[in-house]
Structures are given as C-alpha cells and as structure tokens.
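S.K.: What follows is the file upload00.pdb, containing PDB, C-alpha atoms, pLDDT in the B column:
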```
ATOM      1  CA  MET A   1       0.000   0.000   0.000  1.00 42.00           C
ATOM      2  CA  SER A   2       1.271   3.469  -0.854  1.00 59.00           C
ATOM      3  CA  SER A   3       0.535   6.624   1.065  1.00 77.00           C
ATOM      4  CA  SER A   4       0.882  10.356   0.624  1.00 94.00           C
ATOM      5  CA  VAL A   5       2.607  12.014   3.547  1.00 95.00           C
ATOM      6  CA  ILE A   6       2.294  15.765   4.067  1.00 96.00           C
ATOM      7  CA  VAL A   7       4.543  17.180   6.787  1.00 96.00           C
ATOM      8  CA  VAL A   8       4.092  20.737   8.022  1.00 97.00           C
ATOM      9  CA  THR A   9       5.104  22.853  10.970  1.00 97.00           C
ATOM     10  CA  ALA A  10       2.808  22.654  13.978  1.00 97.00           C
ATOM     11  CA  ASP A  11       1.429  26.133  13.339  1.00 97.00           C
ATOM     12  CA  ARG A  12       0.380  25.111   9.797  1.00 98.00           C
ATOM     13  CA  PHE A  13      -1.147  21.755  10.722  1.00 98.00           C
ATOM     14  CA  ALA A  14      -4.780  22.856  11.114  1.00 98.00           C
ATOM     15  CA  ALA A  15      -4.737  25.149   8.068  1.00 98.00           C
ATOM     16  CA  THR A  16      -3.158  22.487   5.841  1.00 98.00           C
ATOM     17  CA  ALA A  17      -5.686  19.852   6.882  1.00 98.00           C
ATOM     18  CA  ALA A  18      -8.603  22.283   6.477  1.00 98.00           C
ATOM     19  CA  THR A  19      -7.462  23.201   2.971  1.00 98.00           C
ATOM     20  CA  TRP A  20      -7.178  19.525   2.023  1.00 98.00           C
ATOM     21  CA  ILE A  21     -10.707  18.839   3.276  1.00 98.00           C
ATOM     22  CA  ALA A  22     -12.265  21.938   1.709  1.00 98.00           C
ATOM     23  CA  ASP A  23     -10.709  21.275  -1.693  1.00 98.00           C
ATOM     24  CA  ARG A  24     -12.007  17.724  -1.824  1.00 98.00           C
ATOM     25  CA  ALA A  25     -15.408  18.641  -0.444  1.00 98.00           C
ATOM     26  CA  ASN A  26     -15.902  21.245  -3.147  1.00 98.00           C
ATOM     27  CA  SER A  27     -14.652  18.847  -5.830  1.00 98.00           C
ATOM     28  CA  ALA A  28     -17.149  16.201  -4.683  1.00 98.00           C
ATOM     29  CA  ILE A  29     -19.996  18.721  -4.764  1.00 98.00           C
ATOM     30  CA  GLU A  30     -19.034  19.800  -8.272  1.00 98.00           C
ATOM     31  CA  ALA A  31     -18.836  16.196  -9.451  1.00 98.00           C
ATOM     32  CA  ARG A  32     -21.798  14.592  -7.681  1.00 97.00           C
ATOM     33  CA  GLY A  33     -23.941  17.381  -6.222  1.00 98.00           C
ATOM     34  CA  GLU A  34     -23.033  16.665  -2.594  1.00 98.00           C
ATOM     35  CA  CYS A  35     -20.150  15.629  -0.366  1.00 98.00           C
ATOM     36  CA  THR A  36     -20.384  12.790   2.132  1.00 98.00           C
ATOM     37  CA  LEU A  37     -17.935  13.544   4.937  1.00 98.00           C
ATOM     38  CA  ALA A  38     -17.151  11.309   7.921  1.00 98.00           C
ATOM     39  CA  LEU A  39     -15.589  13.081  10.895  1.00 98.00           C
ATOM     40  CA  CYS A  40     -13.159  11.634  13.411  1.00 98.00           C
ATOM     41  CA  GLY A  41     -13.012  12.187  17.151  1.00 96.00           C
ATOM     42  CA  GLY A  42     -10.348  12.960  19.720  1.00 93.00           C
ATOM     43  CA  ASN A  43      -8.443  16.161  20.386  1.00 94.00           C
ATOM     44  CA  THR A  44      -6.316  16.382  17.235  1.00 97.00           C
ATOM     45  CA  PRO A  45      -9.115  17.398  14.835  1.00 98.00           C
ATOM     46  CA  VAL A  46     -10.498  20.205  17.022  1.00 98.00           C
ATOM     47  CA  PRO A  47      -8.277  22.976  15.585  1.00 98.00           C
ATOM     48  CA  VAL A  48      -8.825  21.540  12.101  1.00 98.00           C
ATOM     49  CA  PHE A  49     -12.599  21.721  12.519  1.00 98.00           C
ATOM     50  CA  GLU A  50     -12.329  25.245  13.880  1.00 98.00           C
ATOM     51  CA  GLU A  51     -10.265  26.219  10.850  1.00 98.00           C
ATOM     52  CA  LEU A  52     -12.887  24.712   8.539  1.00 98.00           C
ATOM     53  CA  VAL A  53     -15.518  27.125   9.846  1.00 97.00           C
ATOM     54  CA  GLY A  54     -13.867  29.944   7.918  1.00 94.00           C
ATOM     55  CA  ARG A  55     -13.429  28.009   4.660  1.00 96.00           C
ATOM     56  CA  THR A  56     -15.638  28.422   1.599  1.00 95.00           C
ATOM     57  CA  ILE A  57     -17.584  25.179   1.418  1.00 97.00           C
ATOM     58  CA  ARG A  58     -21.152  24.723   0.213  1.00 97.00           C
ATOM     59  CA  TRP A  59     -22.243  23.313   3.552  1.00 97.00           C
ATOM     60  CA  PRO A  60     -25.917  22.797   2.571  1.00 97.00           C
ATOM     61  CA  GLU A  61     -24.619  20.191   0.091  1.00 98.00           C
ATOM     62  CA  VAL A  62     -22.532  18.344   2.715  1.00 98.00           C
ATOM     63  CA  VAL A  63     -23.800  15.217   4.485  1.00 98.00           C
ATOM     64  CA  VAL A  64     -21.948  14.423   7.727  1.00 98.00           C
ATOM     65  CA  PHE A  65     -21.272  10.997   9.213  1.00 98.00           C
ATOM     66  CA  PHE A  66     -18.936   9.777  11.969  1.00 98.00           C
ATOM     67  CA  GLY A  67     -16.253   7.113  12.004  1.00 98.00           C
ATOM     68  CA  ASP A  68     -16.917   6.064  15.574  1.00 98.00           C
ATOM     69  CA  GLU A  69     -18.654   7.101  18.763  1.00 98.00           C
ATOM     70  CA  ARG A  70     -18.636   6.282  22.456  1.00 98.00           C
ATOM     71  CA  ALA A  71     -21.692   5.062  24.342  1.00 98.00           C
ATOM     72  CA  VAL A  72     -22.278   8.424  25.986  1.00 97.00           C
ATOM     73  CA  PRO A  73     -24.995  11.079  25.589  1.00 97.00           C
ATOM     74  CA  ARG A  74     -24.513  13.663  22.853  1.00 96.00           C
ATOM     75  CA  ASP A  75     -23.708  16.395  25.391  1.00 95.00           C
ATOM     76  CA  ASP A  76     -21.117  14.313  27.270  1.00 97.00           C
ATOM     77  CA  PRO A  77     -17.549  15.730  27.142  1.00 96.00           C
ATOM     78  CA  ASP A  78     -16.372  12.428  25.620  1.00 96.00           C
ATOM     79  CA  SER A  79     -18.882  12.489  22.753  1.00 98.00           C
ATOM     80  CA  ASN A  80     -17.328  12.809  19.294  1.00 98.00           C
ATOM     81  CA  PHE A  81     -20.616  14.266  18.074  1.00 98.00           C
ATOM     82  CA  GLY A  82     -20.585  16.895  20.814  1.00 98.00           C
ATOM     83  CA  MET A  83     -16.996  17.860  19.992  1.00 98.00           C
ATOM     84  CA  ALA A  84     -17.835  18.192  16.297  1.00 98.00           C
ATOM     85  CA  CYS A  85     -20.846  20.380  17.087  1.00 98.00           C
ATOM     86  CA  ARG A  86     -18.898  22.708  19.366  1.00 98.00           C
ATOM     87  CA  SER A  87     -15.935  23.113  17.022  1.00 98.00           C
ATOM     88  CA  LEU A  88     -17.620  22.981  13.599  1.00 98.00           C
ATOM     89  CA  LEU A  89     -21.216  21.974  13.000  1.00 98.00           C
ATOM     90  CA  ASP A  90     -22.868  24.636  15.173  1.00 98.00           C
ATOM     91  CA  HIS A  91     -21.046  27.319  13.189  1.00 98.00           C
ATOM     92  CA  VAL A  92     -21.790  26.383   9.553  1.00 98.00           C
ATOM     93  CA  SER A  93     -24.944  26.359   7.446  1.00 97.00           C
ATOM     94  CA  ILE A  94     -25.710  22.646   7.472  1.00 97.00           C
ATOM     95  CA  ARG A  95     -29.196  21.301   8.185  1.00 94.00           C
ATOM     96  CA  GLY A  96     -29.621  19.042  11.166  1.00 95.00           C
ATOM     97  CA  ASP A  97     -31.145  16.270   9.068  1.00 97.00           C
ATOM     98  CA  ARG A  98     -27.907  16.072   7.080  1.00 98.00           C
ATOM     99  CA  VAL A  99     -25.823  15.318  10.181  1.00 98.00           C
ATOM    100  CA  HIS A 100     -25.988  11.639  11.138  1.00 98.00           C
ATOM    101  CA  ARG A 101     -24.957  11.001  14.715  1.00 98.00           C
ATOM    102  CA  MET A 102     -23.898   7.502  15.723  1.00 98.00           C
ATOM    103  CA  GLU A 103     -26.339   6.611  18.514  1.00 98.00           C
ATOM    104  CA  ALA A 104     -23.913   4.465  20.477  1.00 98.00           C
ATOM    105  CA  ASP A 105     -25.733   5.314  23.703  1.00 97.00           C
ATOM    106  CA  ARG A 106     -28.874   3.421  22.659  1.00 97.00           C
ATOM    107  CA  PRO A 107     -29.709   0.331  24.781  1.00 96.00           C
ATOM    108  CA  ASP A 108     -29.288  -1.967  21.766  1.00 97.00           C
ATOM    109  CA  ARG A 109     -26.088  -0.804  20.094  1.00 97.00           C
ATOM    110  CA  GLY A 110     -26.191  -3.734  17.697  1.00 97.00           C
ATOM    111  CA  VAL A 111     -29.454  -2.538  16.185  1.00 98.00           C
ATOM    112  CA  ALA A 112     -28.167   1.046  16.167  1.00 98.00           C
ATOM    113  CA  ALA A 113     -25.078  -0.132  14.256  1.00 98.00           C
ATOM    114  CA  GLU A 114     -27.218  -1.960  11.679  1.00 98.00           C
ATOM    115  CA  GLU A 115     -29.311   1.172  11.137  1.00 98.00           C
ATOM    116  CA  TYR A 116     -26.210   3.337  10.749  1.00 98.00           C
ATOM    117  CA  ASP A 117     -24.766   0.868   8.259  1.00 98.00           C
ATOM    118  CA  ARG A 118     -27.861   1.389   6.112  1.00 98.00           C
ATOM    119  CA  LEU A 119     -27.389   5.167   6.283  1.00 98.00           C
ATOM    120  CA  LEU A 120     -23.825   5.102   4.970  1.00 98.00           C
ATOM    121  CA  PRO A 121     -23.317   5.633   1.241  1.00 98.00           C
ATOM    122  CA  PRO A 122     -21.457   2.934  -0.691  1.00 98.00           C
ATOM    123  CA  ARG A 123     -18.403   5.206  -0.783  1.00 98.00           C
ATOM    124  CA  LEU A 124     -17.700   8.175   1.435  1.00 98.00           C
ATOM    125  CA  ASP A 125     -16.248  11.152  -0.392  1.00 98.00           C
ATOM    126  CA  ILE A 126     -14.024  12.075   2.566  1.00 98.00           C
ATOM    127  CA  LEU A 127     -13.124   9.981   5.601  1.00 98.00           C
ATOM    128  CA  LEU A 128     -11.137  11.601   8.400  1.00 98.00           C
ATOM    129  CA  LEU A 129      -9.254   9.376  10.828  1.00 98.00           C
ATOM    130  CA  GLY A 130      -6.824   9.661  13.701  1.00 98.00           C
ATOM    131  CA  VAL A 131      -4.378   7.269  15.344  1.00 98.00           C
ATOM    132  CA  GLY A 132      -4.454   6.156  18.966  1.00 96.00           C
ATOM    133  CA  PRO A 133      -1.357   5.375  21.058  1.00 95.00           C
ATOM    134  CA  ASP A 134      -1.834   1.638  20.444  1.00 96.00           C
ATOM    135  CA  GLY A 135      -2.188   2.070  16.681  1.00 97.00           C
ATOM    136  CA  HIS A 136      -5.975   1.995  16.585  1.00 97.00           C
ATOM    137  CA  THR A 137      -8.059   4.120  14.245  1.00 98.00           C
ATOM    138  CA  ALA A 138     -11.763   4.925  14.601  1.00 98.00           C
ATOM    139  CA  SER A 139     -12.634   2.383  17.342  1.00 98.00           C
ATOM    140  CA  LEU A 140     -10.807  -0.471  15.634  1.00 98.00           C
ATOM    141  CA  PHE A 141      -8.482  -1.710  18.350  1.00 97.00           C
ATOM    142  CA  PRO A 142      -5.614  -4.204  17.964  1.00 97.00           C
ATOM    143  CA  GLY A 143      -6.880  -7.774  17.875  1.00 97.00           C
ATOM    144  CA  SER A 144     -10.555  -6.795  17.689  1.00 97.00           C
ATOM    145  CA  PRO A 145     -12.893  -9.153  15.785  1.00 97.00           C
ATOM    146  CA  ALA A 146     -14.182  -6.026  14.019  1.00 98.00           C
ATOM    147  CA  LEU A 147     -10.902  -5.947  12.076  1.00 98.00           C
ATOM    148  CA  LEU A 148     -11.965  -9.110  10.260  1.00 98.00           C
ATOM    149  CA  GLU A 149     -15.317  -7.747   9.095  1.00 98.00           C
ATOM    150  CA  THR A 150     -15.893  -7.911   5.355  1.00 97.00           C
ATOM    151  CA  ASP A 151     -19.675  -7.425   5.177  1.00 97.00           C
ATOM    152  CA  ARG A 152     -20.876  -5.323   8.111  1.00 98.00           C
ATOM    153  CA  ARG A 153     -19.727  -1.732   7.743  1.00 98.00           C
ATOM    154  CA  VAL A 154     -20.700  -0.523  11.219  1.00 98.00           C
ATOM    155  CA  VAL A 155     -20.504  -2.630  14.378  1.00 98.00           C
ATOM    156  CA  ALA A 156     -20.873  -2.293  18.119  1.00 98.00           C
ATOM    157  CA  VAL A 157     -17.641  -2.976  20.005  1.00 98.00           C
ATOM    158  CA  PRO A 158     -16.752  -3.195  23.693  1.00 96.00           C
ATOM    159  CA  GLY A 159     -14.675  -0.618  25.465  1.00 93.00           C
ATOM    160  CA  PRO A 160     -10.955  -0.512  24.663  1.00 94.00           C
ATOM    161  CA  PRO A 161      -8.299  -2.183  26.804  1.00 88.00           C
ATOM    162  CA  PRO A 162      -6.318  -0.049  29.268  1.00 88.00           C
ATOM    163  CA  PRO A 163      -4.762   2.457  29.079  1.00 88.00           C
ATOM    164  CA  ILE A 164      -7.041   3.785  26.312  1.00 90.00           C
ATOM    165  CA  GLN A 165      -9.669   6.117  27.721  1.00 90.00           C
ATOM    166  CA  PRO A 166     -12.555   6.370  28.195  1.00 92.00           C
ATOM    167  CA  GLN A 167     -13.182   2.660  28.669  1.00 93.00           C
ATOM    168  CA  VAL A 168     -16.775   2.693  27.471  1.00 96.00           C
ATOM    169  CA  ALA A 169     -18.499   0.680  24.750  1.00 97.00           C
ATOM    170  CA  ARG A 170     -18.508   2.136  21.233  1.00 98.00           C
ATOM    171  CA  MET A 171     -19.725   1.934  17.652  1.00 98.00           C
ATOM    172  CA  THR A 172     -17.288   2.022  14.771  1.00 98.00           C
ATOM    173  CA  ILE A 173     -16.942   1.743  11.038  1.00 98.00           C
ATOM    174  CA  THR A 174     -15.071  -1.323   9.817  1.00 98.00           C
ATOM    175  CA  PRO A 175     -12.218  -1.797   7.317  1.00 98.00           C
ATOM    176  CA  PRO A 176     -14.509  -2.008   4.227  1.00 98.00           C
ATOM    177  CA  VAL A 177     -15.568   1.612   4.829  1.00 98.00           C
ATOM    178  CA  ILE A 178     -11.949   2.734   4.935  1.00 98.00           C
ATOM    179  CA  GLY A 179     -11.125   0.774   1.802  1.00 98.00           C
ATOM    180  CA  ALA A 180     -14.074   2.153  -0.165  1.00 98.00           C
ATOM    181  CA  ALA A 181     -13.672   5.853   0.701  1.00 98.00           C
ATOM    182  CA  ARG A 182     -12.694   8.097  -2.200  1.00 98.00           C
ATOM    183  CA  ASN A 183     -10.437  10.254  -0.019  1.00 98.00           C
ATOM    184  CA  VAL A 184      -8.942   9.292   3.343  1.00 98.00           C
ATOM    185  CA  ALA A 185      -6.997  11.702   5.535  1.00 98.00           C
ATOM    186  CA  VAL A 186      -5.258  10.634   8.728  1.00 98.00           C
ATOM    187  CA  LEU A 187      -4.504  13.528  11.067  1.00 98.00           C
ATOM    188  CA  VAL A 188      -1.648  13.083  13.550  1.00 98.00           C
ATOM    189  CA  SER A 189       0.345  15.589  15.577  1.00 97.00           C
ATOM    190  CA  GLY A 190       2.865  15.481  18.397  1.00 97.00           C
ATOM    191  CA  ILE A 191       6.139  13.742  19.167  1.00 97.00           C
ATOM    192  CA  ALA A 192       4.451  11.064  21.301  1.00 97.00           C
ATOM    193  CA  LYS A 193       3.328   9.197  18.173  1.00 97.00           C
ATOM    194  CA  ALA A 194       6.522   9.528  16.122  1.00 97.00           C
ATOM    195  CA  ALA A 195       7.840   5.995  16.712  1.00 97.00           C
ATOM    196  CA  LEU A 196       4.372   4.514  16.254  1.00 98.00           C
ATOM    197  CA  LEU A 197       3.884   6.327  12.946  1.00 97.00           C
ATOM    198  CA  ALA A 198       7.162   4.976  11.630  1.00 97.00           C
ATOM    199  CA  ARG A 199       5.922   1.439  12.363  1.00 97.00           C
ATOM    200  CA  ILE A 200       2.528   2.108  10.787  1.00 97.00           C
ATOM    201  CA  LEU A 201       3.784   3.742   7.595  1.00 96.00           C
ATOM    202  CA  GLU A 202       7.175   2.113   7.048  1.00 95.00           C
ATOM    203  CA  GLY A 203       7.064  -1.154   8.983  1.00 96.00           C
ATOM    204  CA  PRO A 204       5.686  -4.558   7.989  1.00 97.00           C
ATOM    205  CA  SER A 205       2.004  -4.632   7.141  1.00 96.00           C
ATOM    206  CA  ASP A 206      -0.041  -6.236   9.921  1.00 97.00           C
ATOM    207  CA  PRO A 207      -3.255  -4.261  10.466  1.00 98.00           C
ATOM    208  CA  ILE A 208      -4.521  -6.745  13.047  1.00 98.00           C
ATOM    209  CA  ILE A 209      -1.738  -5.455  15.298  1.00 98.00           C
ATOM    210  CA  LEU A 210      -1.707  -1.887  13.937  1.00 98.00           C
ATOM    211  CA  PRO A 211      -5.253  -1.190  12.663  1.00 98.00           C
ATOM    212  CA  ALA A 212      -4.310   2.273  11.376  1.00 98.00           C
ATOM    213  CA  GLN A 213      -2.490   0.450   8.580  1.00 98.00           C
ATOM    214  CA  PHE A 214      -5.893  -0.079   6.962  1.00 98.00           C
ATOM    215  CA  ALA A 215      -5.566   3.609   6.023  1.00 98.00           C
ATOM    216  CA  ARG A 216      -1.998   3.437   4.726  1.00 96.00           C
ATOM    217  CA  ARG A 217      -3.130   4.241   1.185  1.00 95.00           C
ATOM    218  CA  GLY A 218      -4.579   7.553   2.364  1.00 97.00           C
ATOM    219  CA  THR A 219      -3.118  11.000   2.858  1.00 97.00           C
ATOM    220  CA  TRP A 220      -1.325  11.380   6.186  1.00 98.00           C
ATOM    221  CA  ILE A 221      -1.179  14.977   7.383  1.00 98.00           C
ATOM    222  CA  LEU A 222       1.456  15.237  10.100  1.00 98.00           C
ATOM    223  CA  ASP A 223       3.301  17.908  11.967  1.00 97.00           C
ATOM    224  CA  ARG A 224       7.087  17.679  12.040  1.00 97.00           C
ATOM    225  CA  ALA A 225       7.172  16.232  15.547  1.00 97.00           C
ATOM    226  CA  ALA A 226       4.890  13.335  14.591  1.00 97.00           C
ATOM    227  CA  ALA A 227       6.886  12.719  11.398  1.00 97.00           C
ATOM    228  CA  GLY A 228      10.247  12.866  13.175  1.00 95.00           C
ATOM    229  CA  GLN A 229      11.128   9.172  12.735  1.00 96.00           C
ATOM    230  CA  LEU A 230       9.929   8.710   9.152  1.00 95.00           C
ATOM    231  CA  HIS A 231      12.480   8.155   6.410  1.00 88.00           C
ATOM    232  CA  ARG A 232      10.219   9.432   3.607  1.00 67.00           C
ATOM    233  CA  ARG A 233       8.825  12.926   4.165  1.00 54.00           C
ATOM    234  CA  ASP A 234       7.190  15.426   1.832  1.00 56.00           C
ATOM    235  CA  ASP A 235       8.009  18.634   3.690  1.00 53.00           C
TER     236      ASP A 235
END
```
What would you get if you wrote out this structure as structure tokens?
M.R.:
Amino acid sequence: MSSSVIVVTADRFAATAATWIADRANSAIEARGECTLALCGGNTPVPVFEELVGRTIRWPEVVVFFGDERAVPRDDPDSNFGMACRSLLDHVSIRGDRVHRMEADRPDRGVAAEEYDRLLPPRLDILLLGVGPDGHTASLFPGSPALLETDRRVVAVPGPPPPIQPQVARMTITPPVIGAARNVAVLVSGIAKAALLARILEGPSDPIILPAQFARRGTWILDRAAAGQLHRRDD
C-alpha cells in the first residue's frame, strides 16, 4: 500500500488539513452534487474543525457521518458528536437532518449499528481518521474481531483495553468503509506518536496489530514532531 505524507510545521497543521478537506469537499460537490464527509473524534481534529468554519464550502450540500462514537450522551464531554458540534457543525450552514450522529448510547447498540450501516453511502467522499497510542483508528483496536469484518460496515464494540480512555463501549466503522472511501486523511500531531507512525507507515504490514495500517493508502497529514522518525517525508 502506498501513502501520501504531508509534513508541516505545527502552526500550519490545522490550516493544511482544512485546505485539504475543503478542496475535496468542493470537488465532490461539483462532481456529484453533494459531499459525504465522515468526521473523526479525539483532540487532534479540534483545531482543524475550527479552521474549517472559515473556509468556503457549500455546507448545505454536505452530508456528515462519523467514524466512531462512544456510548455516551450527545452532550457528554467524551462524545465525538458533541466535539464536532462545538468546534464545527454549530457554526456552519448545514441542516440538522444532514448530520448523522452515531447513537452508540442506545440500549441496543447492535441494532443502532445496523441502522447506521444502512445510512452510509457505498463510498464516502471524505473519511477523516486519527491514530491512537496503540495504533488503533476509529474504534478499531488491535486484535478486535471487528478488524476481520468484510460485510458489516458498522458494528458495536466493547470498550478498549487499558490504558485507552474512556473505557466505554462504542460503535465504529469497519475496514470495508476505509477501503471504499474516495479520499482518506489521517490527522496526527505530536512527538508522542513519532515511533508509532514509523511502524505504521514504514514497517511490515499487519493491520490486526496496527489497525491504522488499513488507512496506509490515504493521505497522512502530520506535523514535524509526529513525522520525526519517518524516512520518507514530503516537507
């Protein structure tokens, strides 16, 4: 699998990622009349989402999905949906019925996952992902049975093993969604993940151990600290 690696200074990270997203969103709208965009969670995308607020995107033609969610209410501090609303969705002209929250807090997460699977388009125009300290992406954790899925595109999964936090149950997309997406961007910043990124991008391919390798063909937008141990860099 080949990847495109974009390395920028920390102060340019959010702007570079926002430009990448906006360009592809507008291209999708021009080509197909709308853009299907799946957002990621965590702390890394917050400044990127905030930067997107000021970009020229035809937001009424964007349909928003999520790559994963925790089994918490939408207003919980750990909710990916809540983070996306605070940093982006509450500040752009997108209708509420075009934002599809993963309802991982429903009593029957299995049924909720099946319903979300039916909502997803065959191919997302843009899929945003991050990387956890154990090499997970979305809520696909090392060794999880979800990594072997070939048919179901959204599944309910248990909480992650320590030390990943919060240790609550989740819903997540599966590898077929990553493989089908037209554009995949993986957003990573900070020196703490430099050694891990070198293993993911330049080490042997074993996505059962390092699930983020399912996205190796995508565009990896990194700051210089995160890219510090890579041999191939496109500064």
S.K.: Go through A:Ile209, A:Ala169, A:Ile126, A:His91 and flag the residue nearest Gly110 of chain A, using all atoms listed in the file for the distances.
M.R.: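 Distance minimum relative to Gly110 of chain A lands on A:Ala169.
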S.K.: Restricting the calculation to all atoms listed in the file, which member of A:Ala38, A:Ala112, A:Leu129, A:Ala227 is positioned closest to Ile191 of chain A?
M.R.: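 Among A:Ala38, A:Ala112, A:Leu129, A:Ala227, it is A:Ala227 that comes nearest to Ile191 of chain A.
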S.K.: Can you pull out the residues contacting Ile173 of chain A? Cut-off 7 Å, using all atoms listed in the file, and skip same-chain residues under 4 positions away; I want them as an mmCIF file with C-alpha atoms, keeping the file's coordinate frame.
M.R.:
```
data_model
loop_
_atom_site.group_PDB
_atom_site.id
_atom_site.type_symbol
_atom_site.label_atom_id
_atom_site.label_comp_id
_atom_site.auth_asym_id
_atom_site.auth_seq_id
_atom_site.Cartn_x
_atom_site.Cartn_y
_atom_site.Cartn_z
ATOM 1 C CA GLY A 67 -16.253 7.113 12.004
ATOM 2 C CA ASP A 68 -16.917 6.064 15.574
ATOM 3 C CA ARG A 153 -19.727 -1.732 7.743
ATOM 4 C CA VAL A 154 -20.700 -0.523 11.219
ATOM 5 C CA VAL A 155 -20.504 -2.630 14.378
ATOM 6 C CA VAL A 177 -15.568 1.612 4.829
#
```
S.K.: Please report the interatomic distance between atom CA of Pro121 of chain A and atom CA of Ile21 of chain A in Å with one decimal.
M.R.: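 Atom-to-atom, atom CA of Pro121 of chain A and atom CA of Ile21 of chain A are spaced 18.4 Å apart.
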S.K.: Using only C-alpha atoms, pick whichever of A:Arg58, A:Arg216, A:Arg86, A:Arg118 has the shortest atom-to-atom distance to Glu30 of chain A.
M.R.: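 Smallest separation from Glu30 of chain A among the options: A:Arg58.
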S.K.: Of the candidates A:Pro162, A:Phe141, A:Arg217, A:Ala156, which one gets nearest to Asp108 of chain A if we count only C-alpha atoms?
M.R.: A:Ala156
S.K.: As a check of understanding, name the residues that the PyMOL selection byres ((chain A and resi 230) around 8) selects in the supplied structure, as a list in words.
M.R.: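 Output of the PyMOL selection byres ((chain A and resi 230) around 8): Ala194, Leu197, Ala198, Glu202, Ala227, Gly228, Gln229, His231, Arg232 and Arg233 of chain A.
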S.K.: Considering only C-alpha atoms, can you say which of A:Val46, A:Leu196, A:Val188, A:Cys40 comes closest to Arg101 of chain A?
M.R.: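 Ranking A:Val46, A:Leu196, A:Val188, A:Cys40 by distance to Arg101 of chain A, first place goes to A:Cys40.
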S.K.: Step by step, work through what the PyMOL selection byres ((chain A and resi 37) around 12) selects in the shown file, and finish by giving those residues as a CSV table (one decimal) with C-alpha atoms, in the frame of the given file.
M.R.:
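Writing the result to expr.csv gives the following:
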```csv
chain,number,residue,atom,x,y,z
A,21,ILE,CA,-10.7,18.8,3.3
A,22,ALA,CA,-12.3,21.9,1.7
A,24,ARG,CA,-12.0,17.7,-1.8
A,25,ALA,CA,-15.4,18.6,-0.4
A,26,ASN,CA,-15.9,21.2,-3.1
A,28,ALA,CA,-17.1,16.2,-4.7
A,29,ILE,CA,-20.0,18.7,-4.8
A,34,GLU,CA,-23.0,16.7,-2.6
A,35,CYS,CA,-20.2,15.6,-0.4
A,36,THR,CA,-20.4,12.8,2.1
A,38,ALA,CA,-17.2,11.3,7.9
A,39,LEU,CA,-15.6,13.1,10.9
A,40,CYS,CA,-13.2,11.6,13.4
A,59,TRP,CA,-22.2,23.3,3.6
A,61,GLU,CA,-24.6,20.2,0.1
A,62,VAL,CA,-22.5,18.3,2.7
A,63,VAL,CA,-23.8,15.2,4.5
A,64,VAL,CA,-21.9,14.4,7.7
A,65,PHE,CA,-21.3,11.0,9.2
A,66,PHE,CA,-18.9,9.8,12.0
A,67,GLY,CA,-16.3,7.1,12.0
A,98,ARG,CA,-27.9,16.1,7.1
A,99,VAL,CA,-25.8,15.3,10.2
A,100,HIS,CA,-26.0,11.6,11.1
A,120,LEU,CA,-23.8,5.1,5.0
A,121,PRO,CA,-23.3,5.6,1.2
A,123,ARG,CA,-18.4,5.2,-0.8
A,124,LEU,CA,-17.7,8.2,1.4
A,125,ASP,CA,-16.2,11.2,-0.4
A,126,ILE,CA,-14.0,12.1,2.6
A,127,LEU,CA,-13.1,10.0,5.6
A,128,LEU,CA,-11.1,11.6,8.4
A,129,LEU,CA,-9.3,9.4,10.8
A,181,ALA,CA,-13.7,5.9,0.7
A,182,ARG,CA,-12.7,8.1,-2.2
A,183,ASN,CA,-10.4,10.3,0.0
A,184,VAL,CA,-8.9,9.3,3.3
A,185,ALA,CA,-7.0,11.7,5.5
```
S.K.: Quote the spacing between atom CA of Trp220 of chain A and atom CA of Pro207 of chain A in Å to one decimal place.
M.R.: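 These atoms are spaced 16.3 Å apart.
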S.K.: A:Ala138, A:Ala10, A:Ala225, A:Leu147: which is nearest Ala195 of chain A, counting all atoms listed in the file?
M.R.: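 Checking each of A:Ala138, A:Ala10, A:Ala225, A:Leu147 against Ala195 of chain A, counting all atoms listed in the file, the winner is A:Ala225.
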S.K.: Hey, what comes out of the PyMOL selection byres ((chain A and resi 109) around 12) on this file? Could you write it as a list in words?
M.R.: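 Given this file, the PyMOL selection byres ((chain A and resi 109) around 12) evaluates to Glu69, Arg70, Ala71, Val72, Met102, Glu103, Ala104, Asp105, Arg106, Pro107, Asp108, Gly110, Val111, Ala112, Ala113, Glu114, Glu115, Tyr116, Val154, Val155, Ala156, Val157, Pro158, Ala169, Arg170, Met171 and Thr172 of chain A.
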S.K.: Kindly give the distance, in Å, that separates atom CA of Gly132 of chain A and atom CA of Asp117 of chain A, rounded to a single decimal.
M.R.: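 For atom CA of Gly132 of chain A relative to atom CA of Asp117 of chain A, the distance reads 23.6 Å.
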S.K.: With 12 Å as the threshold, what does the neighbourhood of (1.8, -0.3, 5.9) contain in terms of residues, counting only C-alpha atoms? Coordinates are those of the file; answer as a PyMOL selection string.
M.R.: chain A and resi 1-4+135+196-218
